[in-house]
Amino acid sequence: MWGAGVLFRDFFRKTKYAILDTPGRLQSREQDVSIRCEECGELILLKDIEKNFKVCSKCGYHLKMTAQERLNVLLDRGSFEEYDKNLETVDVLKFPGYHEKLEASREVTGLREAVVTGKGEIEGNTVIICIMDPRFISASMGSVVGEKITRALEKAEEKKTPIIIFSASGGARMQEGMLSLMQMAKTSAAAARLNEDGVLYISVLTNPTTGGVTASFASLGDVIIAEPGALIGFAGPRVIEQTIRQKLPSGFQRAEFLLQHGLIDLIVERKDLRKVLSRMLVLHKKS
Amino acid sequence: MTNKLEFDKPINELEMKIKELQDFAEEKDINLDDEIKVLKERLYSFKKETYENLLPWQKAQVARYVERPSTRDYINLIFKDFIELHGDRCYGDDKAIIGGIALLDKRPVTVVGHQKGKDIKENVSYNFGMPHPEGYRKALRLMLQAEKFKRPVICFVDTPGAFPGIGAEERGQGEAIARNLMEMSRLKTPVLVIISGEGGSGGALALAVGDKIFMLEHAIYSVISPEGCASILWKDSSRAMEAASLLKLTAEDLLGFGVIDEILQEPLGGAHREPQEMAAKIKEVLIKCLAELEDTPVNELVKGRYEKFRKMGSYSIFEEGQLEILPRDK
């Protein structure tokens, strides 16, 4: 027993160091049994946090989720059918380091790009769904992300199926230059068409949603939901601090701040999301 | 006196010399025509040499140059009977965006554009041409008004970007820009855009969704400022010159990408040397373009606008089944 205790403690200690070496990395590796909450520093066992939808049991902080994890907790089992898997990013500007960044992101995430789109069911209600994965170059929007989201919006319009987009993004992808910026216009135009056709679009803002994504489709939902504590804004806090040369008040650009300023409809805890989305879909069913 | 552009200095000196010589000849009543002619030829080749070979970073400097004509300058030079309209009917009047109704030739149009100042005082008042949400909402209000009264909309784009500040975030900077993109994409009236100076990211795009996008020869249009890009890439904003080349922000680059439709050549030595000439050129192009769009039914116009932006982007398609992105079942 004693021996096992030492081993157990050692195991823990090792894990702790590994995490300190890579702050901010949420990618869970097989050998890790626990992660630290970014907000309160609490050490949380992986098996607990997965049960708890990756929410810190101590402070309620919503840790970042991968696209796959979201699909797992959101959709009815086995209902997902992925769209547009075969779109490949092109390093059109031959931007320094971009190719390597793409390769590294693909390696880490197992994804081809920063958004996964497709069709699925939530408690039996069919939806088109887009989920941005913040691990993939900060889920910045380049041509492929813009194209996949536009196609999903067009599909929703064509099939008259509600669409839910989970945003998490650092904004337009610098490495693809102006073609990235134009994805803002493209996706917003697609959202406009959907809007005219009376098809429901629910935008779910997760931590963090900033820049060109906030300034395009993510702000155009019929209903805008945010996860608690999510950082949501146009300019990043660092840019604002540098511009106005003062410290930002605590809670600035957090979901609660946005709710207070009338910019979002509601904040929903992750554990309740599936239920709330399902109810919303039912409420929008045409009789 | 404002800071001159570094590469403009030899040109400025020569211009001054010619002026001196002309004044001298006039004052003393002597004929120096031959000498002046030689110098003028020299000046011409100087300007040509410099301005036909501007580096992207130099173009950025020309685009931002304080003596470059501003939206208000163009409004005064191109349109008649301009009446400025103010406010977003919600919060305030943002001076970083100017808008109103005017006559283009004999046709009433709505004009909207970013407004930069010529000196510190003006720039403080115009917030250096960096709008707040109320600026974008004013612009949208005027565009919807134009739609109602079937007036074409003409937008001038010249901004470092949307302002990053506390108030701007509190009032929904992101939403304001997004709303403009959405509404402009379906506005039932012709929308013509002129990227006249600095096209700074989303803050520029919020006035730049149109049927035809014109860009002045030395204007820039970029997803991020060269300084911002350099500081992200190399943690060193002084390497903006290199970043400017990487970002492909010149009119020529963007024409190649299909982001803009047409480049408007500037007078030799830049629009700031001959604002009247530049304005006359813009006026001619706008009149011609509106005449062309006149017969297009509004539904087709809106459809065409959608298709135009729909096409933008660059990606390739790989073989289905070659790579599984996600396991189908979890």
# chains A, B, ... in the order shown; residues from 1 in each chain; ligands from 1
>>> residues_around(residues="range 190-196 of chain B", least_positions_apart="6", cutoff="7 Å", atoms="only C-alpha atoms", output="VMD selection string")
chain B and resid 152 to 158 208 210 to 216 219
>>> write_last_selection(atoms="C-alpha atoms", output="compact mmCIF listing (two decimals), in the first residue's frame")
# COMPACT_ATOMS: atom_id res chain seq x y z
CA PRO B 152 -26.88 54.58 -55.55
CA VAL B 153 -24.39 54.37 -52.70
CA ILE B 154 -20.79 55.47 -53.11
CA CYS B 155 -18.28 54.54 -50.41
CA PHE B 156 -14.81 55.90 -49.87
CA VAL B 157 -12.51 53.70 -47.82
CA ASP B 158 -9.65 55.27 -45.89
CA ALA B 208 -16.54 47.96 -48.87
CA GLY B 210 -20.23 46.57 -53.28
CA ASP B 211 -20.97 45.79 -56.91
CA LYS B 212 -17.73 47.32 -58.12
CA ILE B 213 -14.61 47.79 -56.03
CA PHE B 214 -12.23 50.40 -57.40
CA MET B 215 -8.84 50.94 -55.85
CA LEU B 216 -6.50 53.85 -56.36
CA ALA B 219 -3.89 52.75 -51.98
>>> residues_around(residues="range 52-69 of chain B", least_positions_apart="3", cutoff="7 Å", atoms="only C-alpha atoms", output="list in words")
Lys48, Glu49, Asp73, Tyr74, Lys118, Gly197, Glu198, His218, Ala219, Ile220, Met241, Ala244, Ser245, Thr250, Ala271, His272 and Pro275 of chain B
>>> atom_distance(atom1="CA of Leu93 in chain A", atom2="CA of Glu176 in chain A")
6.2 Å
>>> interface_residues(of="chain A", to="chain B", cutoff="6 Å", atoms="only C-alpha atoms", output="list in words")
Gly78, Asn86, Leu87, Glu88, Thr89, Val90, Leu111, Ser143, Gly177, Met178, Leu179, Leu181, Ala185, Lys186, Ser188, Ala189, Ala192, Thr214, Ala215, Ser216, Ser219, Phe234, Ala235 and Ile240 of chain A
>>> write_last_selection(atoms="C-alpha atoms", output="PDB file, in the first residue's frame")
ATOM      1  CA  GLY A  78     -24.009   8.190 -34.452  1.00  0.00           C
ATOM      2  CA  ASN A  86     -11.909  17.440 -48.870  1.00  0.00           C
ATOM      3  CA  LEU A  87     -11.158  21.161 -48.937  1.00  0.00           C
ATOM      4  CA  GLU A  88      -7.450  21.747 -48.730  1.00  0.00           C
ATOM      5  CA  THR A  89      -5.797  24.946 -47.567  1.00  0.00           C
ATOM      6  CA  VAL A  90      -3.473  26.651 -50.021  1.00  0.00           C
ATOM      7  CA  LEU A 111      -8.142  17.853 -38.429  1.00  0.00           C
ATOM      8  CA  SER A 143     -10.318  30.575 -47.241  1.00  0.00           C
ATOM      9  CA  GLY A 177      -3.919  38.014 -46.437  1.00  0.00           C
ATOM     10  CA  MET A 178      -6.907  39.741 -47.993  1.00  0.00           C
ATOM     11  CA  LEU A 179      -8.533  36.503 -49.068  1.00  0.00           C
ATOM     12  CA  LEU A 181     -10.665  39.219 -44.836  1.00  0.00           C
ATOM     13  CA  ALA A 185     -18.036  39.358 -46.425  1.00  0.00           C
ATOM     14  CA  LYS A 186     -18.696  35.936 -47.943  1.00  0.00           C
ATOM     15  CA  SER A 188     -22.056  37.387 -43.815  1.00  0.00           C
ATOM     16  CA  ALA A 189     -23.664  37.447 -47.252  1.00  0.00           C
ATOM     17  CA  ALA A 192     -28.100  37.327 -45.058  1.00  0.00           C
ATOM     18  CA  THR A 214     -16.983  38.314 -34.202  1.00  0.00           C
ATOM     19  CA  ALA A 215     -17.238  40.962 -36.921  1.00  0.00           C
ATOM     20  CA  SER A 216     -19.013  38.612 -39.316  1.00  0.00           C
ATOM     21  CA  SER A 219     -22.628  38.186 -34.564  1.00  0.00           C
ATOM     22  CA  PHE A 234     -13.709  42.597 -31.827  1.00  0.00           C
ATOM     23  CA  ALA A 235     -10.276  43.826 -30.782  1.00  0.00           C
ATOM     24  CA  ILE A 240      -6.951  47.666 -26.669  1.00  0.00           C
TER      25      ILE A 240
END
>>> atom_distance(atom1="CA of Ser70 in chain B", atom2="CA of Lys281 in chain B")
15.3 Å
>>> select_by_dssp(residues="range 23-265 of chain B", states="strand (DSSP E or B)", output="ChimeraX atom specification")
/B:80-84,97-104,107-114,153-159,191-200,212-216,220-222,250,262-264
>>> write_last_selection(atoms="C-alpha atoms", output="PDB file, in the first residue's frame")
ATOM      1  CA  LYS B  80     -22.388  68.996 -56.008  1.00  0.00           C
ATOM      2  CA  ASP B  81     -24.794  70.167 -53.315  1.00  0.00           C
ATOM      3  CA  PHE B  82     -23.508  67.798 -50.650  1.00  0.00           C
ATOM      4  CA  ILE B  83     -25.622  67.796 -47.507  1.00  0.00           C
ATOM      5  CA  GLU B  84     -23.973  66.018 -44.606  1.00  0.00           C
ATOM      6  CA  ILE B  97     -17.262  58.477 -40.844  1.00  0.00           C
ATOM      7  CA  ILE B  98     -18.762  61.195 -42.995  1.00  0.00           C
ATOM      8  CA  GLY B  99     -21.925  60.683 -44.983  1.00  0.00           C
ATOM      9  CA  GLY B 100     -24.714  62.451 -46.778  1.00  0.00           C
ATOM     10  CA  ILE B 101     -26.557  63.079 -50.009  1.00  0.00           C
ATOM     11  CA  ALA B 102     -25.183  64.860 -53.053  1.00  0.00           C
ATOM     12  CA  LEU B 103     -25.413  65.120 -56.795  1.00  0.00           C
ATOM     13  CA  LEU B 104     -23.090  63.150 -59.025  1.00  0.00           C
ATOM     14  CA  ARG B 107     -27.995  62.107 -60.216  1.00  0.00           C
ATOM     15  CA  PRO B 108     -28.663  62.106 -56.470  1.00  0.00           C
ATOM     16  CA  VAL B 109     -26.409  59.666 -54.632  1.00  0.00           C
ATOM     17  CA  THR B 110     -25.586  58.758 -51.051  1.00  0.00           C
ATOM     18  CA  VAL B 111     -21.907  59.168 -50.204  1.00  0.00           C
ATOM     19  CA  VAL B 112     -20.280  57.561 -47.186  1.00  0.00           C
ATOM     20  CA  GLY B 113     -16.636  57.349 -46.244  1.00  0.00           C
ATOM     21  CA  HIS B 114     -14.016  57.224 -43.545  1.00  0.00           C
ATOM     22  CA  VAL B 153     -24.389  54.368 -52.695  1.00  0.00           C
ATOM     23  CA  ILE B 154     -20.789  55.467 -53.111  1.00  0.00           C
ATOM     24  CA  CYS B 155     -18.283  54.544 -50.415  1.00  0.00           C
ATOM     25  CA  PHE B 156     -14.809  55.899 -49.869  1.00  0.00           C
ATOM     26  CA  VAL B 157     -12.514  53.698 -47.823  1.00  0.00           C
ATOM     27  CA  ASP B 158      -9.649  55.267 -45.891  1.00  0.00           C
ATOM     28  CA  THR B 159      -9.075  54.008 -42.343  1.00  0.00           C
ATOM     29  CA  VAL B 191     -23.065  50.146 -54.301  1.00  0.00           C
ATOM     30  CA  LEU B 192     -19.750  51.435 -55.647  1.00  0.00           C
ATOM     31  CA  VAL B 193     -16.640  51.341 -53.496  1.00  0.00           C
ATOM     32  CA  ILE B 194     -13.434  53.314 -53.887  1.00  0.00           C
ATOM     33  CA  ILE B 195     -10.480  52.199 -51.786  1.00  0.00           C
ATOM     34  CA  SER B 196      -8.938  55.656 -51.821  1.00  0.00           C
ATOM     35  CA  GLY B 197      -6.305  55.512 -49.102  1.00  0.00           C
ATOM     36  CA  GLU B 198      -5.718  53.026 -46.336  1.00  0.00           C
ATOM     37  CA  GLY B 199      -7.949  49.964 -46.301  1.00  0.00           C
ATOM     38  CA  GLY B 200      -7.429  48.745 -42.758  1.00  0.00           C
ATOM     39  CA  LYS B 212     -17.733  47.317 -58.116  1.00  0.00           C
ATOM     40  CA  ILE B 213     -14.614  47.794 -56.029  1.00  0.00           C
ATOM     41  CA  PHE B 214     -12.235  50.402 -57.395  1.00  0.00           C
ATOM     42  CA  MET B 215      -8.845  50.942 -55.853  1.00  0.00           C
ATOM     43  CA  LEU B 216      -6.500  53.846 -56.359  1.00  0.00           C
ATOM     44  CA  ILE B 220      -3.445  49.694 -49.771  1.00  0.00           C
ATOM     45  CA  TYR B 221      -5.981  47.181 -48.500  1.00  0.00           C
ATOM     46  CA  SER B 222      -4.877  44.666 -45.923  1.00  0.00           C
ATOM     47  CA  THR B 250      -1.241  46.628 -53.214  1.00  0.00           C
ATOM     48  CA  GLU B 262     -10.326  47.913 -61.262  1.00  0.00           C
ATOM     49  CA  ILE B 263      -7.269  50.000 -60.497  1.00  0.00           C
ATOM     50  CA  LEU B 264      -7.602  53.745 -60.933  1.00  0.00           C
TER      51      LEU B 264
END
>>> residues_around(residues="range 278-287 of chain A", least_positions_apart="2", cutoff="10 Å", atoms="only C-alpha atoms", output="ChimeraX atom specification")
/A:74,121-127,161-164,199-202,223,273-276
>>> select_by_dssp(residues="range 46-204 of chain A", states="alpha helix (DSSP H)", output="ChimeraX atom specification")
/A:46-51,67-74,98-109,143-159,177-196
